[in-house]
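**Q** Next up, final_32.txt (compact mmCIF, C-alpha atoms).
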```
# COMPACT_ATOMS: atom_id res chain seq x y z
CA MET A 228 8.86 41.44 145.83
CA PRO A 229 9.87 37.74 145.74
CA ARG A 230 11.49 36.71 142.49
CA ARG A 231 8.72 34.28 141.51
CA TYR A 232 6.08 37.02 141.85
CA ALA A 233 8.19 39.49 139.89
CA LEU A 234 8.50 36.99 137.04
CA LEU A 235 4.75 36.32 137.12
CA PHE A 236 4.00 40.06 137.04
CA ALA A 237 6.31 40.52 134.06
CA ALA A 238 4.71 37.62 132.23
CA VAL A 239 1.24 39.14 132.70
CA LEU A 240 2.41 42.46 131.30
CA LEU A 241 4.00 40.86 128.27
CA ALA A 242 0.90 38.78 127.59
CA ALA A 243 -1.43 41.79 127.72
CA PRO A 244 -2.91 42.87 124.39
CA GLY A 245 -0.77 45.53 122.77
CA ALA A 246 2.13 44.97 125.15
CA HIS A 247 4.58 45.00 122.26
CA ALA A 248 2.72 47.62 120.25
CA GLN A 249 4.10 51.11 119.98
CA ALA A 250 1.88 54.15 120.44
CA PRO A 251 0.80 55.57 117.08
CA ALA A 252 2.88 58.49 115.89
CA ARG A 253 1.18 61.83 116.41
CA ASP A 254 0.66 64.23 113.54
CA PRO A 255 3.28 66.97 113.36
CA ILE A 256 1.85 70.37 114.26
CA LEU A 257 2.41 73.66 112.46
CA PHE A 258 1.71 76.75 114.59
CA VAL A 259 0.88 80.02 112.79
CA HIS A 260 0.80 83.32 114.72
CA GLY A 261 -1.31 86.42 114.15
CA TRP A 262 -0.86 89.98 112.88
CA ARG A 263 2.58 91.35 113.77
CA GLY A 264 3.16 88.40 116.07
CA SER A 265 6.04 85.96 116.00
CA ALA A 266 6.79 82.27 116.22
CA ALA A 267 8.15 82.86 119.73
CA GLN A 268 4.61 83.39 121.00
CA TRP A 269 4.02 79.66 120.66
CA ARG A 270 6.76 78.62 123.09
CA PRO A 271 4.47 78.08 126.11
CA MET A 272 2.04 75.92 124.13
CA MET A 273 4.79 73.99 122.36
CA GLN A 274 6.44 73.29 125.71
CA ARG A 275 3.17 71.88 127.00
CA PHE A 276 2.86 69.63 123.95
CA GLU A 277 6.37 68.34 124.62
CA GLU A 278 5.51 67.67 128.25
CA ASP A 279 2.51 65.66 127.05
CA GLY A 280 4.62 63.43 124.81
CA TRP A 281 4.95 65.21 121.48
CA SER A 282 8.45 65.07 120.05
CA ARG A 283 10.11 68.45 119.60
CA ALA A 284 10.99 67.27 116.09
CA ARG A 285 7.25 67.23 115.24
CA LEU A 286 6.44 70.76 116.44
CA PHE A 287 6.98 73.64 114.01
CA ALA A 288 6.34 77.35 114.55
CA TRP A 289 5.89 79.43 111.40
CA THR A 290 6.82 83.11 111.09
CA LEU A 291 4.67 85.15 108.73
CA ASP A 292 6.30 87.79 106.54
CA PRO A 293 4.38 91.05 107.18
CA ARG A 294 4.98 92.06 103.56
CA ASP A 295 3.00 89.06 102.25
CA SER A 296 -0.63 89.04 101.28
CA HIS A 297 -2.67 86.21 102.74
CA ALA A 298 -2.51 84.39 99.41
CA ALA A 299 1.28 84.75 99.27
CA ALA A 300 1.58 83.56 102.86
CA ALA A 301 -0.65 80.58 102.02
CA ARG A 302 1.66 79.54 99.18
CA LYS A 303 4.63 79.60 101.56
CA ILE A 304 2.65 77.61 104.13
CA ALA A 305 1.88 75.04 101.43
CA THR A 306 5.61 74.64 100.79
CA ARG A 307 6.32 74.38 104.52
CA VAL A 308 3.68 71.71 105.02
CA ASP A 309 5.22 69.65 102.22
CA GLN A 310 8.63 70.03 103.86
CA ILE A 311 7.25 68.91 107.22
CA LEU A 312 5.58 65.86 105.73
CA ALA A 313 8.78 64.90 103.91
CA ALA A 314 10.92 65.39 107.03
CA THR A 315 8.64 63.48 109.40
CA GLY A 316 7.21 60.84 107.09
CA ALA A 317 3.72 61.79 108.28
CA ALA A 318 0.68 61.61 106.04
CA ARG A 319 -0.93 64.78 107.39
CA VAL A 320 -0.23 67.71 109.70
CA ASP A 321 -2.29 69.56 112.27
CA ILE A 322 -2.40 73.35 112.03
CA VAL A 323 -2.96 75.53 115.11
CA THR A 324 -3.47 79.25 114.48
CA HIS A 325 -3.87 82.40 116.51
CA SER A 326 -5.72 85.50 115.37
CA MET A 327 -4.88 86.47 111.75
CA GLY A 328 -3.01 83.19 111.28
CA ALA A 329 -6.41 81.65 110.60
CA LEU A 330 -6.74 83.47 107.27
CA PRO A 331 -3.74 82.31 105.18
CA THR A 332 -4.12 78.79 106.54
CA ARG A 333 -7.79 78.73 105.58
CA TYR A 334 -6.82 80.03 102.14
CA TYR A 335 -4.35 77.17 101.90
CA LEU A 336 -6.99 74.61 102.84
CA LYS A 337 -9.60 76.02 100.46
CA ASN A 338 -7.62 77.10 97.42
CA LEU A 339 -4.31 75.23 97.40
CA ASP A 340 -5.52 71.65 97.98
CA GLY A 341 -4.32 71.76 101.56
CA ASP A 342 -7.29 69.92 103.03
CA GLY A 343 -5.89 66.56 101.92
CA LYS A 344 -2.70 67.21 103.90
CA VAL A 345 -4.29 68.51 107.09
CA ASP A 346 -6.02 66.40 109.71
CA ALA A 347 -7.01 69.05 112.28
CA TRP A 348 -7.18 72.85 111.98
CA VAL A 349 -7.57 75.15 114.99
CA SER A 350 -8.42 78.85 115.21
CA LEU A 351 -7.80 80.69 118.50
CA GLY A 352 -9.46 84.09 118.28
CA GLY A 353 -9.43 84.16 114.48
CA PRO A 354 -11.01 87.12 112.60
CA ASN A 355 -12.78 84.74 110.25
CA HIS A 356 -15.58 87.14 109.31
CA GLY A 357 -13.81 90.41 109.97
CA ILE A 358 -13.18 92.66 112.97
CA ASN A 359 -14.00 96.30 113.66
CA VAL A 360 -10.48 97.30 114.69
CA ALA A 361 -9.26 96.51 111.15
CA ASP A 362 -11.06 99.68 109.99
CA LEU A 363 -8.07 101.55 111.41
CA CYS A 364 -5.50 99.51 109.47
CA ILE A 365 -3.23 100.68 106.69
CA SER A 366 -1.40 97.50 105.68
CA ALA A 367 -3.03 95.27 103.08
CA ASP A 368 -3.06 92.13 105.23
CA CYS A 369 -4.86 94.02 108.00
CA ARG A 370 -7.32 95.73 105.64
CA ASP A 371 -8.33 92.26 104.48
CA MET A 372 -9.57 91.65 108.04
CA ARG A 373 -12.24 94.34 107.70
CA ARG A 374 -15.81 93.12 107.86
CA GLY A 375 -17.12 92.67 104.32
CA SER A 376 -13.68 92.85 102.68
CA PRO A 377 -13.43 91.21 99.23
CA PHE A 378 -10.84 88.79 100.59
CA LEU A 379 -13.09 87.55 103.40
CA ALA A 380 -16.13 87.45 101.12
CA ALA A 381 -14.29 85.08 98.80
CA LEU A 382 -12.80 83.03 101.63
CA ASN A 383 -16.18 82.48 103.27
CA ARG A 384 -18.16 81.90 100.08
CA GLY A 385 -19.67 78.43 99.94
CA ASP A 386 -18.30 75.86 102.39
CA GLU A 387 -16.46 77.57 105.24
CA THR A 388 -14.80 74.29 106.31
CA PRO A 389 -14.02 72.50 103.04
CA GLY A 390 -12.54 69.07 102.55
CA GLY A 391 -11.93 66.27 105.01
CA ALA A 392 -10.00 68.20 107.65
CA ARG A 393 -11.49 68.64 111.13
CA TYR A 394 -12.04 72.27 112.12
CA ALA A 395 -12.39 73.83 115.57
CA THR A 396 -12.51 77.41 116.84
CA TRP A 397 -12.19 79.01 120.26
CA ARG A 398 -13.36 82.53 121.09
CA SER A 399 -13.41 84.56 124.29
CA PRO A 400 -16.06 87.07 125.40
CA CYS A 401 -13.21 89.17 126.87
CA ASP A 402 -11.08 89.31 123.71
CA GLU A 403 -10.12 92.97 123.32
CA ILE A 404 -9.13 92.58 119.65
CA ILE A 405 -11.74 90.24 118.21
CA ASP A 406 -14.90 92.33 117.95
CA PRO A 407 -17.52 91.11 117.29
CA VAL A 408 -16.52 87.95 119.11
CA ASP A 409 -18.74 85.70 116.97
CA THR A 410 -16.61 86.52 113.93
CA VAL A 411 -14.52 83.51 114.95
CA VAL A 412 -17.35 81.01 114.39
CA LEU A 413 -17.24 78.88 111.23
CA GLN A 414 -20.09 76.83 109.82
CA GLY A 415 -19.13 73.16 109.96
CA ALA A 416 -16.54 73.61 112.71
CA GLN A 417 -16.63 72.74 116.37
CA ASN A 418 -17.08 76.22 117.85
CA HIS A 419 -16.19 76.80 121.50
CA LEU A 420 -16.82 79.72 123.82
CA THR A 421 -14.17 80.07 126.54
CA GLY A 422 -14.14 81.89 129.85
CA CYS A 423 -12.92 85.47 130.18
CA ILE A 424 -9.50 85.31 128.48
CA SER A 425 -7.56 88.06 126.71
CA HIS A 426 -6.53 87.85 123.06
CA LEU A 427 -2.93 86.89 123.81
CA GLY A 428 -4.10 84.85 126.80
CA LEU A 429 -5.56 82.32 124.36
CA LEU A 430 -1.97 81.34 123.58
CA ARG A 431 -1.01 80.77 127.22
CA ASP A 432 -4.12 79.57 129.02
CA PRO A 433 -3.66 75.97 130.26
CA ALA A 434 -7.33 75.07 129.81
CA ILE A 435 -7.27 76.25 126.20
CA TYR A 436 -4.11 74.23 125.63
CA ARG A 437 -5.73 71.06 126.99
CA ALA A 438 -8.78 71.57 124.79
CA VAL A 439 -6.61 72.06 121.68
CA ARG A 440 -4.45 69.06 122.60
CA ASP A 441 -7.51 66.87 123.00
CA PHE A 442 -9.00 68.05 119.72
CA VAL A 443 -5.91 67.42 117.59
CA SER A 444 -5.37 64.02 119.25
CA ARG A 445 -9.07 63.07 119.01
CA ARG A 446 -9.51 62.85 122.77
CA THR A 447 -12.60 63.93 124.72
CA SER A 448 -12.35 67.18 126.65
CA GLY A 449 -14.83 68.92 128.93
CA VAL A 450 -12.52 71.85 129.62
CA VAL A 451 -14.35 74.54 127.67
CA GLN A 452 -17.91 74.95 126.50
CA ARG A 453 -18.76 73.29 123.22
CA GLU A 454 -21.69 74.54 121.20
CA GLY A 455 -23.99 72.58 118.96
CA ARG A 456 -23.26 69.26 117.33
CA ALA A 457 -20.14 68.38 115.40
CA LEU A 458 -20.82 68.23 111.67
CA ARG A 459 -17.89 65.97 110.86
CA THR A 460 -17.01 62.45 111.81
CA GLY A 461 -14.06 61.40 113.92
CA VAL A 462 -14.27 64.39 116.25
CA LEU A 463 -14.65 64.95 119.99
```
Represent the supplied structure as structure tokens.
**A**
Amino acid sequence: MPRRYALLFAAVLLAAPGAHAQAPARDPILFVHGWRGSAAQWRPMMQRFEEDGWSRARLFAWTLDPRDSHAAAARKIATRVDQILAATGAARVDIVTHSMGALPTRYYLKNLDGDGKVDAWVSLGGPNHGINVADLCISADCRDMRRGSPFLAALNRGDETPGGARYATWRSPCDEIIDPVDTVVLQGAQNHLTGCISHLGLLRDPAIYRAVRDFVSRRTSGVVQREGRALRTGVL
């Protein structure tokens, strides 16, 4: 390219609106795994977030202590969120959960004033209204996932999506753990039905990742089926 055209091209770029503006910082994301899972399960999704421009320093995977009740886990999550906000300087975090991870994080949002510190909350295959397989459980945190348990009755009483946070759920008709599948659905959330994906496959499926990415970053996605109308503003 001749020098005079190169200079003209550069001048046009610099004169364009927003040429000197930096992209807005993305919310840090806290990932919370399910029953007897681990933070390592989030590596594929976290890697995809990095590839799409999220800084590794703004991606945090939480490990639940299997000895904790959901309330105890929620108190630790509250502390971790405060640490993340202090470390990153962000005003709010996004929380992405798999399976049982939905329950202590919802407790945090509802009972520990977490909704003011969370922008977007995601449930992938969450047992939000109980699952049949929990009838076979012995541990307290698993027994709380039984349909009609006192814990779930209290958690779901009143507004299922309290505060100003944006809520979204994804459920699969082929989930071998989450039965009934509609237990995932929350009133006031964006509820999505996916294709035939296994329970752990929700963590690895690229289409699910793109849908979650677009939800937390307020982008439009047509990747998975969306049901009904959003009940909150500032959503997809």
**Q** Using all atoms listed in the file, pick whichever of A:Leu336, A:Ala301, A:Leu330, A:Val412 has the shortest atom-to-atom distance to A:Met372.
**A** A:Leu330
**Q** For the point (-16.0, 84.8, 127.4) in file coordinates, what residues are within 9 Å, counting only C-alpha atoms? Give the answer as a list in words?
**A**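 Taken together, the residues in range are Arg398, Ser399, Pro400, Cys401, Asp402, Val408, Leu420, Thr421, Gly422, Cys423 and Ile424 of chain A.
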**Q** I need the residue nearest A:Gly415 from this list: A:Asp386, A:Asp441, A:Glu403, A:Asp295. Use only C-alpha atoms for the distance.
**A**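 The shortest atom-to-atom distance to A:Gly415 comes from A:Asp386.
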**Q** Select, from A:Ala299, A:Val349, A:Ala266, A:Ala288, the residue with the minimum atom-to-atom distance to A:Tyr436, counting all atoms listed in the file.
**A** A:Val349
**Q** Would you mind listing what lies within 10 Å of A:Leu286 as JSON, numbers by chain, with all atoms listed in the file counted and same-chain residues fewer than 2 positions away left out?
**A** {"A": [254, 255, 256, 257, 258, 273, 274, 276, 277, 281, 282, 283, 284, 288, 311, 320, 321]}
**Q** How would the residues just chosen look if you wrote them out with C-alpha atoms as a PDB file, in the coordinates of the input?
**A**
```
ATOM      1  CA  ASP A 254       0.660  64.230 113.540  1.00  0.00           C
ATOM      2  CA  PRO A 255       3.280  66.970 113.360  1.00  0.00           C
ATOM      3  CA  ILE A 256       1.850  70.370 114.260  1.00  0.00           C
ATOM      4  CA  LEU A 257       2.410  73.660 112.460  1.00  0.00           C
ATOM      5  CA  PHE A 258       1.710  76.750 114.590  1.00  0.00           C
ATOM      6  CA  MET A 273       4.790  73.990 122.360  1.00  0.00           C
ATOM      7  CA  GLN A 274       6.440  73.290 125.710  1.00  0.00           C
ATOM      8  CA  PHE A 276       2.860  69.630 123.950  1.00  0.00           C
ATOM      9  CA  GLU A 277       6.370  68.340 124.620  1.00  0.00           C
ATOM     10  CA  TRP A 281       4.950  65.210 121.480  1.00  0.00           C
ATOM     11  CA  SER A 282       8.450  65.070 120.050  1.00  0.00           C
ATOM     12  CA  ARG A 283      10.110  68.450 119.600  1.00  0.00           C
ATOM     13  CA  ALA A 284      10.990  67.270 116.090  1.00  0.00           C
ATOM     14  CA  ALA A 288       6.340  77.350 114.550  1.00  0.00           C
ATOM     15  CA  ILE A 311       7.250  68.910 107.220  1.00  0.00           C
ATOM     16  CA  VAL A 320      -0.230  67.710 109.700  1.00  0.00           C
ATOM     17  CA  ASP A 321      -2.290  69.560 112.270  1.00  0.00           C
TER      18      ASP A 321
END
```
**Q** With only C-alpha atoms counted, which protein, DNA or RNA residues have an atom no more than 9 Å from (-4.0, 79.3, 101.7) in the file frame? Please answer as a list in words.
**A** His297, Ala298, Ala299, Ala300, Ala301, Arg302, Lys303, Ile304, Ala305, Leu330, Pro331, Thr332, Arg333, Tyr334, Tyr335, Leu336, Lys337, Asn338, Leu339, Asp340 and Gly341 of chain A
**Q** Please compute the atom CA of A:Leu291-atom CA of A:Ser366 distance, one decimal, in Å.
**A** 14.1 Å
**Q** Have a look at atom CA of A:Ser265 and atom CA of A:Trp289 and let me know their distance in Å, one decimal.
**A** 8.0 Å
**Q** Could you check how far atom CA of A:His356 sits from atom CA of A:His260, in Å to one decimal?
**A**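 About the pair atom CA of A:His356 and atom CA of A:His260: they are 17.7 Å apart.
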**Q** For stretch 373-392 of chain A, take all atoms listed in the file, fit an axis-aligned box around them, add 6 Å to each of the six sides, then output centre and edge lengths in Å rounded to one decimal, as lines of an AutoDock Vina configuration file.
**A**
```
center_x = -14.8
center_y = 80.3
center_z = 103.3
size_x = 21.7
size_y = 40.1
size_z = 21.1
```
**Q** Go through A:Trp397, A:Phe287, A:Arg440, A:Asp309 one by one, measure the shortest atom-to-atom distance of each to A:Arg270 using all atoms listed in the file, and give the residue with the smallest value.
**A**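 Answer, going by the shortest atom-to-atom distance: A:Phe287.
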**Q** Contacts of A:Gly375 at 8 Å or less, counting all atoms listed in the file, minus same-chain residues fewer than 4 places along, as a list in words?
**A**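 The filter keeps His356, Gly357, Leu379 and Ala380 of chain A.
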**Q** Choose the residue, out of A:Arg319, A:Arg431, A:Arg263, A:Lys344, that has the smallest atom-to-atom separation from A:Cys369; count only C-alpha atoms.
**A**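 Smallest distance to A:Cys369 is found for A:Arg263.
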**Q** Considering only C-alpha atoms, can you say which of A:Ile365, A:Leu351, A:Ala317, A:Val360 comes closest to A:Ser425?
**A**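 Nearest to A:Ser425: A:Leu351.
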**Q** Compile the contact shell of A:Ala395 as a PyMOL selection string: residues with an atom at most 12 Å away, counting all atoms listed in the file, same-chain residues fewer than 6 positions apart removed.
**A** chain A and resi 321-324+329+346-353+387-388+411-420+438-443+445+453-454+456-459+462-463
**Q** Because the input lacks atoms here, generate N, CA, C and O atoms for stretch 306-327 of chain A and report them as a compact mmCIF listing (two decimals), in the coordinates of the input.
**A**
```
# COMPACT_ATOMS: atom_id res chain seq x y z
N THR A 306 4.25 75.17 100.94
CA THR A 306 5.61 74.64 100.79
C THR A 306 6.12 74.10 102.12
O THR A 306 6.73 73.01 102.18
N ARG A 307 5.85 74.83 103.20
CA ARG A 307 6.32 74.38 104.52
C ARG A 307 5.64 73.09 104.94
O ARG A 307 6.30 72.20 105.51
N VAL A 308 4.37 72.95 104.69
CA VAL A 308 3.68 71.71 105.02
C VAL A 308 4.30 70.53 104.27
O VAL A 308 4.54 69.46 104.85
N ASP A 309 4.58 70.72 102.99
CA ASP A 309 5.22 69.65 102.22
C ASP A 309 6.58 69.29 102.80
O ASP A 309 6.96 68.11 102.86
N GLN A 310 7.33 70.29 103.24
CA GLN A 310 8.63 70.03 103.86
C GLN A 310 8.47 69.25 105.16
O GLN A 310 9.25 68.32 105.44
N ILE A 311 7.49 69.61 105.96
CA ILE A 311 7.25 68.91 107.22
C ILE A 311 6.86 67.46 106.99
O ILE A 311 7.35 66.55 107.65
N LEU A 312 5.99 67.23 106.02
CA LEU A 312 5.58 65.86 105.73
C LEU A 312 6.76 65.03 105.23
O LEU A 312 6.91 63.86 105.61
N ALA A 313 7.60 65.63 104.40
CA ALA A 313 8.78 64.90 103.91
C ALA A 313 9.76 64.61 105.04
O ALA A 313 10.34 63.52 105.10
N ALA A 314 9.95 65.56 105.95
CA ALA A 314 10.92 65.39 107.03
C ALA A 314 10.46 64.39 108.07
O ALA A 314 11.27 63.68 108.65
N THR A 315 9.15 64.34 108.33
CA THR A 315 8.64 63.48 109.40
C THR A 315 8.09 62.16 108.90
O THR A 315 7.90 61.23 109.70
N GLY A 316 7.82 62.06 107.61
CA GLY A 316 7.21 60.84 107.09
C GLY A 316 5.73 60.73 107.41
O GLY A 316 5.12 59.69 107.17
N ALA A 317 5.14 61.79 107.93
CA ALA A 317 3.72 61.79 108.28
C ALA A 317 2.86 61.94 107.04
O ALA A 317 3.30 62.46 106.01
N ALA A 318 1.62 61.48 107.15
CA ALA A 318 0.68 61.61 106.04
C ALA A 318 -0.02 62.97 106.06
O ALA A 318 -0.37 63.52 105.01
N ARG A 319 -0.24 63.51 107.26
CA ARG A 319 -0.93 64.78 107.39
C ARG A 319 -0.37 65.56 108.58
O ARG A 319 0.27 64.98 109.46
N VAL A 320 -0.63 66.84 108.59
CA VAL A 320 -0.23 67.71 109.70
C VAL A 320 -1.48 68.22 110.40
O VAL A 320 -2.59 68.15 109.88
N ASP A 321 -1.29 68.75 111.60
CA ASP A 321 -2.29 69.56 112.27
C ASP A 321 -1.82 71.01 112.21
O ASP A 321 -0.62 71.27 112.28
N ILE A 322 -2.74 71.94 112.07
CA ILE A 322 -2.40 73.35 112.03
C ILE A 322 -3.14 74.06 113.16
O ILE A 322 -4.37 73.95 113.26
N VAL A 323 -2.39 74.77 114.00
CA VAL A 323 -2.96 75.53 115.11
C VAL A 323 -2.64 77.00 114.87
O VAL A 323 -1.48 77.37 114.71
N THR A 324 -3.66 77.85 114.83
CA THR A 324 -3.47 79.25 114.48
C THR A 324 -3.97 80.16 115.60
O THR A 324 -4.86 79.81 116.37
N HIS A 325 -3.39 81.35 115.62
CA HIS A 325 -3.87 82.40 116.51
C HIS A 325 -4.20 83.62 115.69
O HIS A 325 -3.44 84.00 114.78
N SER A 326 -5.34 84.24 115.97
CA SER A 326 -5.72 85.50 115.37
C SER A 326 -5.64 85.44 113.83
O SER A 326 -6.20 84.52 113.22
N MET A 327 -4.93 86.39 113.21
CA MET A 327 -4.88 86.47 111.75
C MET A 327 -4.31 85.23 111.10
O MET A 327 -4.54 84.97 109.91
```
